[in-house]
Amino acid sequence: MSTTPTTSEGAVPDAVLAAFRAYERALADNDLAALADAFVEGAGALRGDAAGLLVGSEQIAAFRGARGEPPRRTVRELHARALGPDHVALVSVNEPAAGGAGLVTQVWRHCPDGRWRIAVAQVAAPAPAADPRIWRAVGHPLVAATGSGPLDGASVAVKDLFAVAGFAVGAGNPAYLAESRPAAEHAPAVRVLLDAGAELRGIARTDEFAYSVAGANPHYGAPPNPYAPLHLPGGSSSGPASAVAMGHAEIGLGTDTAGSIRVPASHQGLWGLRTTHGTVSRHGLLPLAPSFDTVGWLTRDPGLLARAARVSLPAGSGTASADRSYAVCPAVLELAQPSARAAFTVAIESWTRGGLLPAPRVISLPDPDAAFAAFRTVQAAEAWRSHGAWVRDHPDALGADVAARFAWASSVTAEQEAEARGALAVVRAQIEDVLEDSVLLSPTVTAPAPPRSADAAHLDAARTATITLTCLAAITGRPALSVPLLRADGAPLGLSLIGPRHTDLDLVARGAALQAPAATS
């Protein structure tokens with residue numbers, strides 16, 4: 001650092017430069033205490049990079065503690081500009097050990113204790129060729145459009161469960177990928193987007209075999225969540241969701257068995273549609289639980305979502321009814337944590353007062369916990385039929401959470417499955433009798449995204465609570481939409497609309513009509 005070329009304008013105290021050098025040494029040593037002490041205390045501290053913005057010294061310290069060893073770098077240039085007697089801007093150019101060049105801009109503040117500390121930091125790292133947490137394969141494009149139409153110029157991130165001609169399906173697991181053969185043709189759900197003018201940007205990551213909603217793949221890492229950098233992205237369509245949220249692609253083609261489109265949509269502030277079960281072809285799609293597996297899309301705006309749905313869905317999937325009512329179920333809302341429930345309630349009351357939404361009718365649905373128990377059993381039985389033989393032959397290939405899920409699935413007996421299917425049939429009929437033609441409203445998930453530092457017990461509890469809510473659409477086969485109109489605890493939270501079967505496009509239109517200033521809690 002002593003030989004770093006430095007240029008200064010204005011009265012730049014030597015103490016600022018000394019503090020900067022001490023900060024760089026602390027980075028090299030990964031001295032977490034010193035790094036935390038280098039920032040001003042409280043909410044005034046800001047640190048941003050391509051993954052998002054951290055607000056306050058607590059968030060910044062938590063980020064440092066969770067990221068592991070920082071990338072090694074050498075400062076090549078340092079430029080200092082006095083902004084006043086108590087503030088100095090420092091801009092440094094660095095050379096990471098991995099190559100390229102990085103740029104760091106900092107505003108240092110003279111604090112009451114006489115020390116200089118960082119108030120604002122913006123980090124620009126060298127752009128990676130592709131983020132391996134998001135992408136398994138990527139190109140410019142990876143596959144060109146095969147036609148022209150409503151999706152001209154749109155780029156697509158395809159979940160690593162769909163057949164893409166010339167590429168093997170990896171299912172989020174390197175051992176499975178190593179044994180897979182390249183597909184001879186595109187899955188119909190892929191082909192229809194290409195025929196409509198979209199291009200395939202790449203094949204994006206998934207949680208292993210789509211048997212998770214966390215978005216924390218043990219082999220490739222958790223994709224980033226730009227709207228909540230300290231939190232998980234949600235899964236299992238984690239890669240497509242992050243690709244869309246990060247601006248790498250405009251459409252995420254995913255699957256939703258128990259919430260795998262809607263959960264990452266909620267966590268990352270995206271539009272996410274689970275289509276009516278069976279309306280989009282699942283040929284060329286690696287199954288998990290066929291009774292519930294459904295194709296859908298993630299986008300950053302409702303217009304593009306509607307276009308992707310319109311070219312993919314059969315005629316009659318946009319059935320509209322001007323007098324269709326809305327409904328809420330108190331027992332379902334009780335599943336949500338207080339902040340999520342409050343954000344939902346504030347939004348509904350606001351939209352009702354403003355005339356955007358008729359007052360929802362209050363309904364009673366079957367016990368959510370009992371419905372989840374039956375759903376979980378049938379899903380597990382089907383997952384074991386889909387992949388049990390491979391799992392049995394590869395006992396050490398899976399991450400701990402998915403391995404435990406498959407282990408439990410292997411224990412489900414035929415009698416237990418039959419009993420659960422009977423229970424689901426009863427629940428499905430009861431829900432349909434109560435909902436009829438109404439649209440069910442609720443938070444998409446029970447809480448904002450779990451922190452990346454969450455332990456296994458926390459994640460398992462979050463998964464159970466969330467799927468208890470999201471499995472209602474899976475049980476009925478109804479379309480479900482997550483709309484990014486809520487916030488809770490400072491993080492994105494989706495609004496869920498579950499509509500009658502074959503009203504997918506109408507559901508998107510209804511969600512778009514609710515666009516208004518987001519409710520906060």
# chains A, B, ... in the order shown; residues from 1 in each chain; ligands from 1
call {"tool": "residues_around", "arguments": {"residues": "Pro479 of chain A", "least_positions_apart": "4", "cutoff": "8 Å", "atoms": "only C-alpha atoms", "output": "NGL selection string"}}
result
:A and (273-277 or 473 or 498-504 or 507)
call {"tool": "select_by_dssp", "arguments": {"residues": "segment 47-250 of chain A", "states": "alpha helix (DSSP H)", "output": "ChimeraX atom specification"}}
result
/A:57-66,174-179,188-195,238-245
call {"tool": "select_by_dssp", "arguments": {"residues": "segment 162-278 of chain A", "states": "strand (DSSP E)", "output": "PyMOL selection string"}}
result
chain A and resi 199-204+251-255+271-274
call {"tool": "residues_around", "arguments": {"residues": "Trp384 of chain A", "least_positions_apart": "4", "cutoff": "7 Å", "atoms": "only C-alpha atoms", "output": "list in words"}}
result
Ala380, Gly388, Phe406, Ala409 and Ser410 of chain A
call {"tool": "write_last_selection", "arguments": {"atoms": "N, CA and C atoms", "output": "compact mmCIF listing (two decimals), in the first residue's frame"}}
result
# COMPACT_ATOMS: atom_id res chain seq x y z
N ALA A 380 -44.31 -37.14 -1.74
CA ALA A 380 -43.16 -37.98 -1.43
C ALA A 380 -43.23 -39.32 -2.15
N GLY A 388 -36.37 -42.63 -6.95
CA GLY A 388 -35.88 -43.48 -5.88
C GLY A 388 -34.77 -44.43 -6.29
N PHE A 406 -35.82 -37.48 0.58
CA PHE A 406 -35.96 -38.73 -0.15
C PHE A 406 -35.95 -39.94 0.78
N ALA A 409 -39.34 -40.17 1.98
CA ALA A 409 -40.20 -40.59 0.88
C ALA A 409 -40.12 -42.10 0.66
N SER A 410 -38.94 -42.67 0.86
CA SER A 410 -38.77 -44.11 0.65
C SER A 410 -39.56 -44.94 1.66
call {"tool": "closest_atom_pairs", "arguments": {"of": "segment 31-102 of chain A", "to": "segment 116-120 of chain A", "cutoff": "12 Å", "atoms": "only C-alpha atoms", "output": "CSV"}}
result
residue,atom,partner,partner_atom,distance
A:Ala34,CA,A:Arg117,CA,11.1
A:Leu35,CA,A:Ile118,CA,10.0
A:Ala36,CA,A:Ile118,CA,9.9
A:Asp37,CA,A:Arg117,CA,7.8
A:Ala38,CA,A:Arg117,CA,5.1
A:Phe39,CA,A:Ile118,CA,4.5
A:Val40,CA,A:Arg117,CA,5.5
A:Glu41,CA,A:Ala119,CA,8.7
A:Gly42,CA,A:Ala119,CA,10.0
A:Ala43,CA,A:Ala119,CA,9.7
A:Gly44,CA,A:Ala119,CA,6.6
A:Ala45,CA,A:Ala119,CA,4.8
A:Leu46,CA,A:Val120,CA,4.7
A:Arg47,CA,A:Val120,CA,5.9
A:Gly48,CA,A:Val120,CA,8.3
A:Asp49,CA,A:Val120,CA,11.4
A:Leu53,CA,A:Val120,CA,10.6
A:Leu54,CA,A:Val120,CA,10.1
A:Val55,CA,A:Val120,CA,9.6
A:Gly56,CA,A:Ala119,CA,9.4
A:Ser57,CA,A:Ala119,CA,9.4
A:Ile60,CA,A:Val120,CA,11.0
A:Pro85,CA,A:Trp116,CA,11.6
A:Asp86,CA,A:Trp116,CA,8.7
A:His87,CA,A:Trp116,CA,8.8
A:Val88,CA,A:Trp116,CA,9.3
A:Ala89,CA,A:Val120,CA,9.3
A:Leu90,CA,A:Ile118,CA,9.9
A:Val91,CA,A:Val120,CA,11.6
call {"tool": "residues_around", "arguments": {"residues": "segment 173-188 of chain A", "least_positions_apart": "2", "cutoff": "7 Å", "atoms": "only C-alpha atoms", "output": "list in words"}}
result
Phe162, Ala163, Val164, Ala165, Gly166, Phe167, Ala168, Val169, Gly170, Ala171, Val190, Arg191, Val192, Glu208, Ser281, His283, Gly284, Leu285 and Ala397 of chain A
call {"tool": "residues_around", "arguments": {"residues": "Leu440 of chain A", "least_positions_apart": "3", "cutoff": "9 Å", "atoms": "only C-alpha atoms", "output": "PyMOL selection string"}}
result
chain A and resi 325-329+360+435+496-499
call {"tool": "closest_residue", "arguments": {"among": "A:Ala456, A:Ala308, A:Ala258, A:Leu486", "to": "Val508 of chain A", "atoms": "only C-alpha atoms"}}
result
A:Ala308
call {"tool": "closest_residue", "arguments": {"among": "A:Glu334, A:Asp433, A:Glu382, A:Asp14", "to": "Arg421 of chain A", "atoms": "only C-alpha atoms"}}
result
A:Glu382
call {"tool": "closest_residue", "arguments": {"among": "A:Ala62, A:Ala80, A:Gly215, A:Ala423", "to": "Phe20 of chain A", "atoms": "only C-alpha atoms"}}
result
A:Ala80
call {"tool": "residues_around", "arguments": {"residues": "Asp506 of chain A", "least_positions_apart": "6", "cutoff": "12 Å", "atoms": "only C-alpha atoms", "output": "list in words"}}
result
Leu273, Thr275, Pro302, Leu305, Ala306, Ala309, Arg310, Gly316, Ser317, Gly318, Thr319, Ala320, Ser321, Ala322, Arg324, Val439, Pro479, Ala480, Leu481, Leu497, Ile498, Gly499, Pro500, Ala512 and Ala513 of chain A
call {"tool": "residues_around", "arguments": {"residues": "Ser92 of chain A", "least_positions_apart": "4", "cutoff": "9 Å", "atoms": "only C-alpha atoms", "output": "list in words"}}
result
Val75, Arg76, Glu77, Leu78, His79, Ala80, Gly102, Leu103, Val104, Thr105 and Gln106 of chain A
call {"tool": "write_last_selection", "arguments": {"atoms": "N, CA and C atoms", "output": "PDB file, in the first residue's frame"}}
result
ATOM      1  N   VAL A  75      -4.371  -3.127  -4.467  1.00  0.00           N
ATOM      2  CA  VAL A  75      -4.766  -1.792  -4.892  1.00  0.00           C
ATOM      3  C   VAL A  75      -3.729  -1.236  -5.858  1.00  0.00           C
ATOM      4  N   ARG A  76      -4.208  -0.833  -7.039  1.00  0.00           N
ATOM      5  CA  ARG A  76      -3.317  -0.327  -8.091  1.00  0.00           C
ATOM      6  C   ARG A  76      -3.267   1.191  -8.120  1.00  0.00           C
ATOM      7  N   GLU A  77      -4.403   1.845  -7.869  1.00  0.00           N
ATOM      8  CA  GLU A  77      -4.468   3.306  -7.865  1.00  0.00           C
ATOM      9  C   GLU A  77      -5.388   3.750  -6.740  1.00  0.00           C
ATOM     10  N   LEU A  78      -5.116   4.939  -6.220  1.00  0.00           N
ATOM     11  CA  LEU A  78      -5.991   5.521  -5.209  1.00  0.00           C
ATOM     12  C   LEU A  78      -6.128   7.008  -5.495  1.00  0.00           C
ATOM     13  N   HIS A  79      -7.365   7.474  -5.566  1.00  0.00           N
ATOM     14  CA  HIS A  79      -7.635   8.881  -5.836  1.00  0.00           C
ATOM     15  C   HIS A  79      -8.498   9.432  -4.708  1.00  0.00           C
ATOM     16  N   ALA A  80      -8.073  10.559  -4.147  1.00  0.00           N
ATOM     17  CA  ALA A  80      -8.762  11.158  -3.000  1.00  0.00           C
ATOM     18  C   ALA A  80      -9.269  12.553  -3.363  1.00  0.00           C
ATOM     19  N   GLY A 102     -11.074  -4.167 -10.538  1.00  0.00           N
ATOM     20  CA  GLY A 102     -12.221  -3.764  -9.747  1.00  0.00           C
ATOM     21  C   GLY A 102     -12.136  -2.295  -9.397  1.00  0.00           C
ATOM     22  N   LEU A 103     -13.270  -1.736  -9.015  1.00  0.00           N
ATOM     23  CA  LEU A 103     -13.342  -0.326  -8.669  1.00  0.00           C
ATOM     24  C   LEU A 103     -14.141  -0.180  -7.379  1.00  0.00           C
ATOM     25  N   VAL A 104     -13.589   0.535  -6.407  1.00  0.00           N
ATOM     26  CA  VAL A 104     -14.260   0.759  -5.134  1.00  0.00           C
ATOM     27  C   VAL A 104     -14.345   2.255  -4.885  1.00  0.00           C
ATOM     28  N   THR A 105     -15.561   2.744  -4.640  1.00  0.00           N
ATOM     29  CA  THR A 105     -15.783   4.146  -4.306  1.00  0.00           C
ATOM     30  C   THR A 105     -16.278   4.232  -2.870  1.00  0.00           C
ATOM     31  N   GLN A 106     -15.618   5.053  -2.067  1.00  0.00           N
ATOM     32  CA  GLN A 106     -15.964   5.183  -0.655  1.00  0.00           C
ATOM     33  C   GLN A 106     -16.079   6.646  -0.266  1.00  0.00           C
TER      34      GLN A 106
END
call {"tool": "closest_residue", "arguments": {"among": "A:Ala340, A:Ala145, A:Ala249, A:Ala429", "to": "Leu485 of chain A", "atoms": "only C-alpha atoms"}}
result
A:Ala340
call {"tool": "closest_residue", "arguments": {"among": "A:Ala19, A:Val280, A:Ala414, A:Val213", "to": "Ser312 of chain A", "atoms": "only C-alpha atoms"}}
result
A:Val280
call {"tool": "closest_residue", "arguments": {"among": "A:Leu304, A:Leu230, A:Ala214, A:Ala222", "to": "Ser155 of chain A", "atoms": "only C-alpha atoms"}}
result
A:Leu304
call {"tool": "atom_distance", "arguments": {"atom1": "atom CA of Phe375 of chain A", "atom2": "atom CA of Ile348 of chain A"}}
result
28.8 Å
call {"tool": "decode", "arguments": {"residues": "segment 181-241 of chain A", "atoms": "C-alpha atoms", "output": "JSON list (two decimals), in the first residue's frame"}}
result
[["chain", "number", "residue", "atom", "x", "y", "z"],
["A", 181, "ARG", "CA", -27.38, -37.78, -22.21],
["A", 182, "PRO", "CA", -27.99, -34.72, -24.39],
["A", 183, "ALA", "CA", -31.60, -34.25, -25.41],
["A", 184, "ALA", "CA", -32.52, -34.89, -29.04],
["A", 185, "GLU", "CA", -35.15, -32.14, -29.11],
["A", 186, "HIS", "CA", -36.52, -29.26, -27.10],
["A", 187, "ALA", "CA", -39.28, -29.77, -24.57],
["A", 188, "PRO", "CA", -42.52, -28.31, -26.00],
["A", 189, "ALA", "CA", -42.56, -25.65, -23.23],
["A", 190, "VAL", "CA", -39.13, -24.49, -24.48],
["A", 191, "ARG", "CA", -39.92, -24.80, -28.17],
["A", 192, "VAL", "CA", -43.09, -22.69, -28.04],
["A", 193, "LEU", "CA", -41.14, -19.74, -26.58],
["A", 194, "LEU", "CA", -38.44, -20.02, -29.25],
["A", 195, "ASP", "CA", -41.08, -20.23, -31.98],
["A", 196, "ALA", "CA", -42.64, -17.02, -30.62],
["A", 197, "GLY", "CA", -39.38, -15.09, -31.07],
["A", 198, "ALA", "CA", -37.64, -15.57, -27.73],
["A", 199, "GLU", "CA", -34.03, -16.69, -27.51],
["A", 200, "LEU", "CA", -32.59, -19.03, -24.92],
["A", 201, "ARG", "CA", -30.05, -17.14, -22.81],
["A", 202, "GLY", "CA", -29.06, -20.24, -20.87],
["A", 203, "ILE", "CA", -29.87, -23.19, -18.63],
["A", 204, "ALA", "CA", -30.31, -22.02, -15.06],
["A", 205, "ARG", "CA", -29.83, -23.73, -11.72],
["A", 206, "THR", "CA", -32.43, -25.58, -9.72],
["A", 207, "ASP", "CA", -32.54, -27.08, -6.25],
["A", 208, "GLU", "CA", -31.78, -30.80, -6.47],
["A", 209, "PHE", "CA", -34.59, -32.57, -8.37],
["A", 210, "ALA", "CA", -36.79, -29.54, -7.53],
["A", 211, "TYR", "CA", -37.40, -31.06, -4.10],
["A", 212, "SER", "CA", -36.92, -27.82, -2.14],
["A", 213, "VAL", "CA", -38.17, -24.24, -1.95],
["A", 214, "ALA", "CA", -35.06, -22.71, -0.34],
["A", 215, "GLY", "CA", -32.79, -22.01, -3.31],
["A", 216, "ALA", "CA", -29.67, -23.23, -1.50],
["A", 217, "ASN", "CA", -28.00, -25.77, -3.78],
["A", 218, "PRO", "CA", -25.15, -27.51, -1.87],
["A", 219, "HIS", "CA", -23.11, -28.14, -5.03],
["A", 220, "TYR", "CA", -23.29, -24.81, -6.82],
["A", 221, "GLY", "CA", -24.25, -22.36, -4.08],
["A", 222, "ALA", "CA", -27.31, -20.21, -3.56],
["A", 223, "PRO", "CA", -28.05, -17.83, -6.44],
["A", 224, "PRO", "CA", -28.06, -14.15, -5.47],
["A", 225, "ASN", "CA", -31.17, -12.32, -4.37],
["A", 226, "PRO", "CA", -30.64, -8.71, -5.50],
["A", 227, "TYR", "CA", -33.67, -7.44, -3.59],
["A", 228, "ALA", "CA", -32.58, -8.98, -0.27],
["A", 229, "PRO", "CA", -28.83, -9.67, -0.51],
["A", 230, "LEU", "CA", -28.53, -11.30, 2.93],
["A", 231, "HIS", "CA", -31.41, -13.68, 2.20],
["A", 232, "LEU", "CA", -31.99, -16.80, 0.14],
["A", 233, "PRO", "CA", -33.46, -16.53, -3.37],
["A", 234, "GLY", "CA", -36.15, -19.16, -2.97],
["A", 235, "GLY", "CA", -36.42, -22.37, -4.97],
["A", 236, "SER", "CA", -36.58, -24.66, -6.67],
["A", 237, "SER", "CA", -36.75, -22.34, -9.71],
["A", 238, "SER", "CA", -33.95, -20.37, -8.06],
["A", 239, "GLY", "CA", -31.69, -19.98, -11.10],
["A", 240, "PRO", "CA", -34.35, -18.67, -13.50],
["A", 241, "ALA", "CA", -35.68, -16.34, -10.80]]
